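> Input: one structure, supplied below.
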Amino acid sequence: MQPLRLFVLALLLVSIGRAQEELPTSFSLERAIAFALENNYSAINADRDLIDAQKQKWEVIADGLPQINGNINYQDQLIQPVSLIPGDFFPGGEPGTFVPIIFGPPRSTAATATLRQQIFDGSYIVGVQATKAFLSYSANNKEKTQQEVRKAVVESYGNALLSRESTEILKRNIAAVEKNLYETEKLYENGLGEEENVEQLQITLATLKNALNSNERLQTITLQMFNVVMGLPLDHPTELTQSLDDLVAQETQPQLLETEFLLENNTDYKLVVNLNEQRYYEWKLARSRALPTLDAFINYGWTEFGDPITILGSDQQGFDASILGFDLNIPIFSSLKRSASTQRAKIALEKAKTELEEAEQMLKLKHKQARSDYILAIESYETSKENLSLAERIEKKNEIKYAEGIASSFDLRQAQSQLYTAQGEYLQAMIDVINRKTELENILNPSEE
């Protein structure tokens with residue numbers, strides 16, 4: 001048995017290894033978006049919601065199609081009811097007396113099949129019409145979910161790159177400060193420098209190391225957040241193949257600013273339109289409840305008398321029966337309940353129309369704001385890029401001056417702080433370009449054109 005167990009264990013390990021190999025580990029942004037649209041938890045449920053809507057459509061339609069139900073009934077009268085028949089009903093019977101009689105055998109089995117067909121029902125007609133609007137809502141809701149997934153992937157991808165590149169910058173800064181500190185300590189030991197210069201650099205170095213430790217922990221967390229958005233295991237080994245510079249070049253698209261804003265392409269607008277359609281059909285449904293309904297049915301049944309265990313193959317009596325009928329229901333008076341329901345549905349429809357008008361104005365404003373934010377992000381990126389170049393040159397000059405004894409440690413530390421601030425602003429500016437472009441794309445939804 002031991003070799004067999006080892007063989008099964010080996011197969012299990014191989015299958016686990018293959019399952020892990022099937023999950024990709026390296027992602028560009030576009031590949032990450034494509035993967036997340038298939039594997040993100042919300043995207044998966046959005047697909048299920050659309051399938052559920054299609055099933056619900058058929059559920060509504062099937063209500064108006066023929067329905068067949070079967071019924072089997074068995075009765076065993078443990079104590080049969082007794083009926084009294086006047087005595088003079090029988091030959092020789094005495095008037096004023098009663099004779100106890102038991103009708104029928106104690107056991108019976110009946111089987112009935114009934115076919116029902118809806119002929120007219122106003123609410124059914126409205127329900128079938130409303131299924132189209134409901135499917136449209138489910139499709140638009142799926143599209144909205146996909147937009148949110150794209151946005152989440154872009155943001156988590158950018159945040160992971162931000163923490164990664166911040167870590168690399170901090171490591172370079174620490175290496176530069178350690179070099180300055182080493183040289184300054186040697187000068188101080190030889191009596192050519194001041195202790196304050198050493199202490200200033202020690203403060204800078206300690207601050208940078210704390211920032212590095214924090215950033216390294218953040219780098220792990222941002223990758224885990226990216227995995228969750230992607231629908232991957234939390235600790236899946238993930239590698240991001242693009243840099244922030246790549247993404248900024250990819251996401252800087254001035255031509256997007258010239259894209260015409262069409263309300264009918266916006267997903268939020270389509271969802272508000274769906275709400276109006278829903279309210280309209282609710283109003284029609286309320287009105288339809290004042291109409292009569294008509295159903296037809298036909299059934300066939302068979303009744304046998306006797307023990308059901310021995311009834312097969314016996315010569316006991318059996319009888320069949322069949323009924324054809326119609327059910328007509330005419331609403332006559334509801335104490336104005338139906339009228340109130342219809343009026344409430346009408347009010348809800350009018351409110352939805354007002355909300356649609358408000359949504360039109362708000363989305364136009366949102367487009368202008370998103371367009372302005374994207375322009376500002378591009379401009380801020382260009383400015384921060386220039387500022388970073390200037391801060392690097394200023395820091396380099398102060399480093400040279402410090403080494404030559406022209407600048408103080410305070411001047412060097414101030415230049416370094418200015419450089420670190422410029423580095424952070426530059427990285428954040430790149431993230432803003434990427435995120436603002438995604439927001440503008442979601443509003444424009446140019447893929448619908």
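Simple scheme: letters A, B, ... for chains in structure tokens order, numbers from 1 for residues in each chain, numbers from 1 for ligands in the order shown.
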Among segment 39-111 of chain A, which residues carry a DSSP assignment of alpha helix (DSSP H), reported as number ranges by chain?
A: 39, 41-62
> As a PyMOL selection string, please: the residues near Gly87 of chain A (cut-off 12 Å, only C-alpha atoms, same-chain neighbours under 2 positions excluded).
chain A and resi 84-85+89-101
> Export C-alpha atoms of the chosen residues as a PDB file, in the first residue's frame?

ATOM      1  CA  LEU A  84     -80.062   7.665   6.482  1.00  0.00           C
ATOM      2  CA  ILE A  85     -82.696   6.913   3.865  1.00  0.00           C
ATOM      3  CA  PHE A  89     -88.396   4.540   0.149  1.00  0.00           C
ATOM      4  CA  PHE A  90     -87.889   0.770   0.153  1.00  0.00           C
ATOM      5  CA  PRO A  91     -90.626  -1.804  -0.587  1.00  0.00           C
ATOM      6  CA  GLY A  92     -92.292  -2.793   2.666  1.00  0.00           C
ATOM      7  CA  GLY A  93     -90.617  -0.018   4.613  1.00  0.00           C
ATOM      8  CA  GLU A  94     -92.454   1.703   7.416  1.00  0.00           C
ATOM      9  CA  PRO A  95     -93.109   5.437   7.074  1.00  0.00           C
ATOM     10  CA  GLY A  96     -91.317   7.616   9.641  1.00  0.00           C
ATOM     11  CA  THR A  97     -88.367   5.241   9.944  1.00  0.00           C
ATOM     12  CA  PHE A  98     -84.859   5.540   8.480  1.00  0.00           C
ATOM     13  CA  VAL A  99     -82.558   2.921   7.071  1.00  0.00           C
ATOM     14  CA  PRO A 100     -78.725   3.445   7.475  1.00  0.00           C
ATOM     15  CA  ILE A 101     -76.942   3.104   4.159  1.00  0.00           C
TER      16      ILE A 101
END
> Atom CA of Gln147 of chain A to atom CA of Asn442 of chain A: how many Å, to one decimal?
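Rounded to one decimal, the two atoms are 6.4 Å apart.
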> What gap, in Å, lies between atom CA of Gln317 of chain A and atom CA of Thr303 of chain A?
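So the answer is 8.6 Å.
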> Produce a table with one row for each residue of segment 154-268 of chain A that has an atom at most 9 Å from any atom of segment 40-59 of chain A, each row naming the nearest atom pair and its distance in Å at one decimal; use only C-alpha atoms; arrange rows by chain and rising residue number; format as a Markdown table.

| residue | atom | partner | partner_atom | distance |
| --- | --- | --- | --- | --- |
| A:Val228 | CA | A:Asn40 | CA | 7.8 |
| A:Val229 | CA | A:Asn40 | CA | 6.0 |
| A:Met230 | CA | A:Asn40 | CA | 5.2 |
| A:Gly231 | CA | A:Asn40 | CA | 4.4 |
| A:Leu232 | CA | A:Asn40 | CA | 8.1 |
> Restricted to N, CA, C and O atoms, what would the selected residues look like written as a CSV table (one decimal), in the first residue's frame?

chain,number,residue,atom,x,y,z
A,228,VAL,N,-6.2,40.4,-5.9
A,228,VAL,CA,-7.7,40.2,-5.5
A,228,VAL,C,-8.5,40.8,-6.7
A,228,VAL,O,-9.5,40.2,-7.1
A,229,VAL,N,-8.1,42.0,-7.2
A,229,VAL,CA,-8.9,42.6,-8.3
A,229,VAL,C,-8.9,41.7,-9.5
A,229,VAL,O,-9.9,41.5,-10.2
A,230,MET,N,-7.8,41.0,-9.7
A,230,MET,CA,-7.7,40.1,-10.9
A,230,MET,C,-8.4,38.8,-10.7
A,230,MET,O,-8.7,38.0,-11.7
A,231,GLY,N,-8.8,38.5,-9.5
A,231,GLY,CA,-9.4,37.2,-9.2
A,231,GLY,C,-8.4,36.1,-9.0
A,231,GLY,O,-8.7,34.9,-9.2
A,232,LEU,N,-7.2,36.4,-8.7
A,232,LEU,CA,-6.1,35.5,-8.4
A,232,LEU,C,-6.0,35.2,-6.9
A,232,LEU,O,-6.4,36.0,-6.1
> Run DSSP on the backbone and tell me which residues of segment 95-169 of chain A come out as strand (DSSP E); list them as a PyMOL selection string.
chain A and resi 98-101+107-120
> Save the residues we just selected, N, CA and C atoms, as a PDB file, in the first residue's frame?

ATOM      1  N   PHE A  98     -86.018   5.300   9.364  1.00  0.00           N
ATOM      2  CA  PHE A  98     -84.859   5.540   8.480  1.00  0.00           C
ATOM      3  C   PHE A  98     -83.972   4.308   8.444  1.00  0.00           C
ATOM      4  N   VAL A  99     -83.428   4.081   7.265  1.00  0.00           N
ATOM      5  CA  VAL A  99     -82.558   2.921   7.071  1.00  0.00           C
ATOM      6  C   VAL A  99     -81.113   3.430   6.853  1.00  0.00           C
ATOM      7  N   PRO A 100     -80.122   3.013   7.680  1.00  0.00           N
ATOM      8  CA  PRO A 100     -78.725   3.445   7.475  1.00  0.00           C
ATOM      9  C   PRO A 100     -78.142   2.781   6.216  1.00  0.00           C
ATOM     10  N   ILE A 101     -77.531   3.594   5.403  1.00  0.00           N
ATOM     11  CA  ILE A 101     -76.942   3.104   4.159  1.00  0.00           C
ATOM     12  C   ILE A 101     -75.513   3.660   4.043  1.00  0.00           C
ATOM     13  N   ARG A 107     -62.375   2.133  -0.283  1.00  0.00           N
ATOM     14  CA  ARG A 107     -61.095   2.560  -0.867  1.00  0.00           C
ATOM     15  C   ARG A 107     -61.305   2.986  -2.313  1.00  0.00           C
ATOM     16  N   SER A 108     -60.567   4.052  -2.690  1.00  0.00           N
ATOM     17  CA  SER A 108     -60.637   4.512  -4.072  1.00  0.00           C
ATOM     18  C   SER A 108     -59.324   5.200  -4.450  1.00  0.00           C
ATOM     19  N   THR A 109     -58.977   5.110  -5.729  1.00  0.00           N
ATOM     20  CA  THR A 109     -57.783   5.747  -6.273  1.00  0.00           C
ATOM     21  C   THR A 109     -58.194   6.533  -7.512  1.00  0.00           C
ATOM     22  N   ALA A 110     -57.807   7.809  -7.563  1.00  0.00           N
ATOM     23  CA  ALA A 110     -58.172   8.652  -8.700  1.00  0.00           C
ATOM     24  C   ALA A 110     -56.927   9.335  -9.256  1.00  0.00           C
ATOM     25  N   ALA A 111     -56.825   9.377 -10.581  1.00  0.00           N
ATOM     26  CA  ALA A 111     -55.724  10.061 -11.265  1.00  0.00           C
ATOM     27  C   ALA A 111     -56.329  11.065 -12.251  1.00  0.00           C
ATOM     28  N   THR A 112     -55.819  12.299 -12.221  1.00  0.00           N
ATOM     29  CA  THR A 112     -56.365  13.349 -13.077  1.00  0.00           C
ATOM     30  C   THR A 112     -55.224  14.141 -13.698  1.00  0.00           C
ATOM     31  N   ALA A 113     -55.355  14.471 -14.982  1.00  0.00           N
ATOM     32  CA  ALA A 113     -54.417  15.349 -15.681  1.00  0.00           C
ATOM     33  C   ALA A 113     -55.200  16.542 -16.208  1.00  0.00           C
ATOM     34  N   THR A 114     -54.673  17.758 -15.974  1.00  0.00           N
ATOM     35  CA  THR A 114     -55.377  18.978 -16.376  1.00  0.00           C
ATOM     36  C   THR A 114     -54.464  19.846 -17.248  1.00  0.00           C
ATOM     37  N   LEU A 115     -54.988  20.261 -18.374  1.00  0.00           N
ATOM     38  CA  LEU A 115     -54.298  21.186 -19.271  1.00  0.00           C
ATOM     39  C   LEU A 115     -54.970  22.544 -19.171  1.00  0.00           C
ATOM     40  N   ARG A 116     -54.152  23.585 -18.828  1.00  0.00           N
ATOM     41  CA  ARG A 116     -54.668  24.946 -18.737  1.00  0.00           C
ATOM     42  C   ARG A 116     -53.940  25.832 -19.750  1.00  0.00           C
ATOM     43  N   GLN A 117     -54.683  26.738 -20.367  1.00  0.00           N
ATOM     44  CA  GLN A 117     -54.117  27.669 -21.333  1.00  0.00           C
ATOM     45  C   GLN A 117     -54.661  29.063 -21.076  1.00  0.00           C
ATOM     46  N   GLN A 118     -53.716  29.985 -20.892  1.00  0.00           N
ATOM     47  CA  GLN A 118     -54.111  31.379 -20.724  1.00  0.00           C
ATOM     48  C   GLN A 118     -54.534  31.957 -22.074  1.00  0.00           C
ATOM     49  N   ILE A 119     -55.733  32.512 -22.121  1.00  0.00           N
ATOM     50  CA  ILE A 119     -56.235  33.104 -23.367  1.00  0.00           C
ATOM     51  C   ILE A 119     -55.998  34.603 -23.387  1.00  0.00           C
ATOM     52  N   PHE A 120     -56.321  35.283 -22.287  1.00  0.00           N
ATOM     53  CA  PHE A 120     -56.055  36.722 -22.217  1.00  0.00           C
ATOM     54  C   PHE A 120     -55.774  37.124 -20.781  1.00  0.00           C
TER      55      PHE A 120
END
> For segment 202-216 of chain A, work out the shell of residues within 9 Å, counting only C-alpha atoms and skipping chain neighbours fewer than 2 positions away, then give it as an NGL selection string.
:A and (163-164 or 166-168 or 170-171 or 173-174 or 177-178 or 181 or 197-200 or 218-221 or 413 or 416-417)
> Write the selection just made, keeping N, CA, C and O atoms, as a tab-separated table (two decimals), in the first residue's frame?

chain	number	residue	atom	x	y	z
A	163	SER	N	4.41	51.92	-5.89
A	163	SER	CA	5.17	51.45	-4.72
A	163	SER	C	6.48	50.80	-5.15
A	163	SER	O	7.51	50.96	-4.48
A	164	ARG	N	6.46	50.10	-6.29
A	164	ARG	CA	7.70	49.45	-6.76
A	164	ARG	C	8.75	50.48	-7.16
A	164	ARG	O	9.91	50.39	-6.76
A	166	SER	N	8.79	53.67	-6.34
A	166	SER	CA	9.16	54.48	-5.17
A	166	SER	C	10.25	53.77	-4.37
A	166	SER	O	11.19	54.41	-3.86
A	167	THR	N	10.13	52.45	-4.28
A	167	THR	CA	11.15	51.68	-3.57
A	167	THR	C	12.50	51.79	-4.25
A	167	THR	O	13.54	51.97	-3.58
A	168	GLU	N	12.52	51.70	-5.58
A	168	GLU	CA	13.78	51.81	-6.31
A	168	GLU	C	14.40	53.19	-6.15
A	168	GLU	O	15.62	53.33	-5.98
A	170	LEU	N	13.92	55.24	-3.62
A	170	LEU	CA	14.41	55.36	-2.24
A	170	LEU	C	15.75	54.65	-2.07
A	170	LEU	O	16.64	55.14	-1.35
A	171	LYS	N	15.91	53.50	-2.71
A	171	LYS	CA	17.18	52.77	-2.61
A	171	LYS	C	18.32	53.59	-3.22
A	171	LYS	O	19.43	53.64	-2.65
A	173	ASN	N	18.37	56.88	-3.50
A	173	ASN	CA	18.59	58.03	-2.61
A	173	ASN	C	19.40	57.63	-1.38
A	173	ASN	O	20.28	58.37	-0.93
A	174	ILE	N	19.07	56.45	-0.83
A	174	ILE	CA	19.79	55.98	0.35
A	174	ILE	C	21.26	55.74	0.01
A	174	ILE	O	22.17	56.09	0.79
A	177	VAL	N	23.00	59.10	-0.15
A	177	VAL	CA	23.19	59.71	1.17
A	177	VAL	C	24.23	58.94	1.98
A	177	VAL	O	25.04	59.55	2.71
A	178	GLU	N	24.23	57.62	1.88
A	178	GLU	CA	25.24	56.82	2.59
A	178	GLU	C	26.65	57.19	2.12
A	178	GLU	O	27.59	57.27	2.92
A	181	LEU	N	27.41	60.53	3.64
A	181	LEU	CA	27.63	60.38	5.08
A	181	LEU	C	29.01	59.79	5.35
A	181	LEU	O	29.72	60.23	6.27
A	197	ASN	N	27.27	68.46	10.45
A	197	ASN	CA	27.13	67.94	9.08
A	197	ASN	C	26.82	66.45	9.09
A	197	ASN	O	25.98	65.96	8.31
A	198	VAL	N	27.51	65.73	9.98
A	198	VAL	CA	27.27	64.29	10.11
A	198	VAL	C	25.85	64.03	10.60
A	198	VAL	O	25.13	63.17	10.07
A	199	GLU	N	25.44	64.78	11.59
A	199	GLU	CA	24.10	64.58	12.18
A	199	GLU	C	22.99	64.89	11.19
A	199	GLU	O	21.95	64.21	11.15
A	200	GLN	N	23.19	65.95	10.39
A	200	GLN	CA	22.18	66.29	9.37
A	200	GLN	C	21.99	65.12	8.39
A	200	GLN	O	20.86	64.75	8.05
A	218	LEU	N	4.37	48.15	1.71
A	218	LEU	CA	3.28	48.60	0.84
A	218	LEU	C	3.35	47.92	-0.51
A	218	LEU	O	2.31	47.62	-1.12
A	219	GLN	N	4.55	47.64	-0.99
A	219	GLN	CA	4.70	46.98	-2.28
A	219	GLN	C	4.06	45.59	-2.25
A	219	GLN	O	3.40	45.19	-3.21
A	220	THR	N	4.24	44.88	-1.16
A	220	THR	CA	3.61	43.55	-1.01
A	220	THR	C	2.10	43.68	-0.97
A	220	THR	O	1.37	42.92	-1.63
A	221	ILE	N	1.60	44.66	-0.22
A	221	ILE	CA	0.15	44.84	-0.09
A	221	ILE	C	-0.48	45.24	-1.43
A	221	ILE	O	-1.54	44.73	-1.80
A	413	ARG	N	20.89	69.31	2.67
A	413	ARG	CA	19.67	68.61	3.11
A	413	ARG	C	18.43	69.26	2.51
A	413	ARG	O	17.47	68.59	2.13
A	416	GLN	N	18.21	68.14	-1.01
A	416	GLN	CA	17.78	66.74	-1.06
A	416	GLN	C	16.28	66.62	-0.80
A	416	GLN	O	15.57	65.87	-1.49
A	417	SER	N	15.79	67.34	0.20
A	417	SER	CA	14.35	67.31	0.50
A	417	SER	C	13.53	67.80	-0.69
A	417	SER	O	12.47	67.24	-1.01
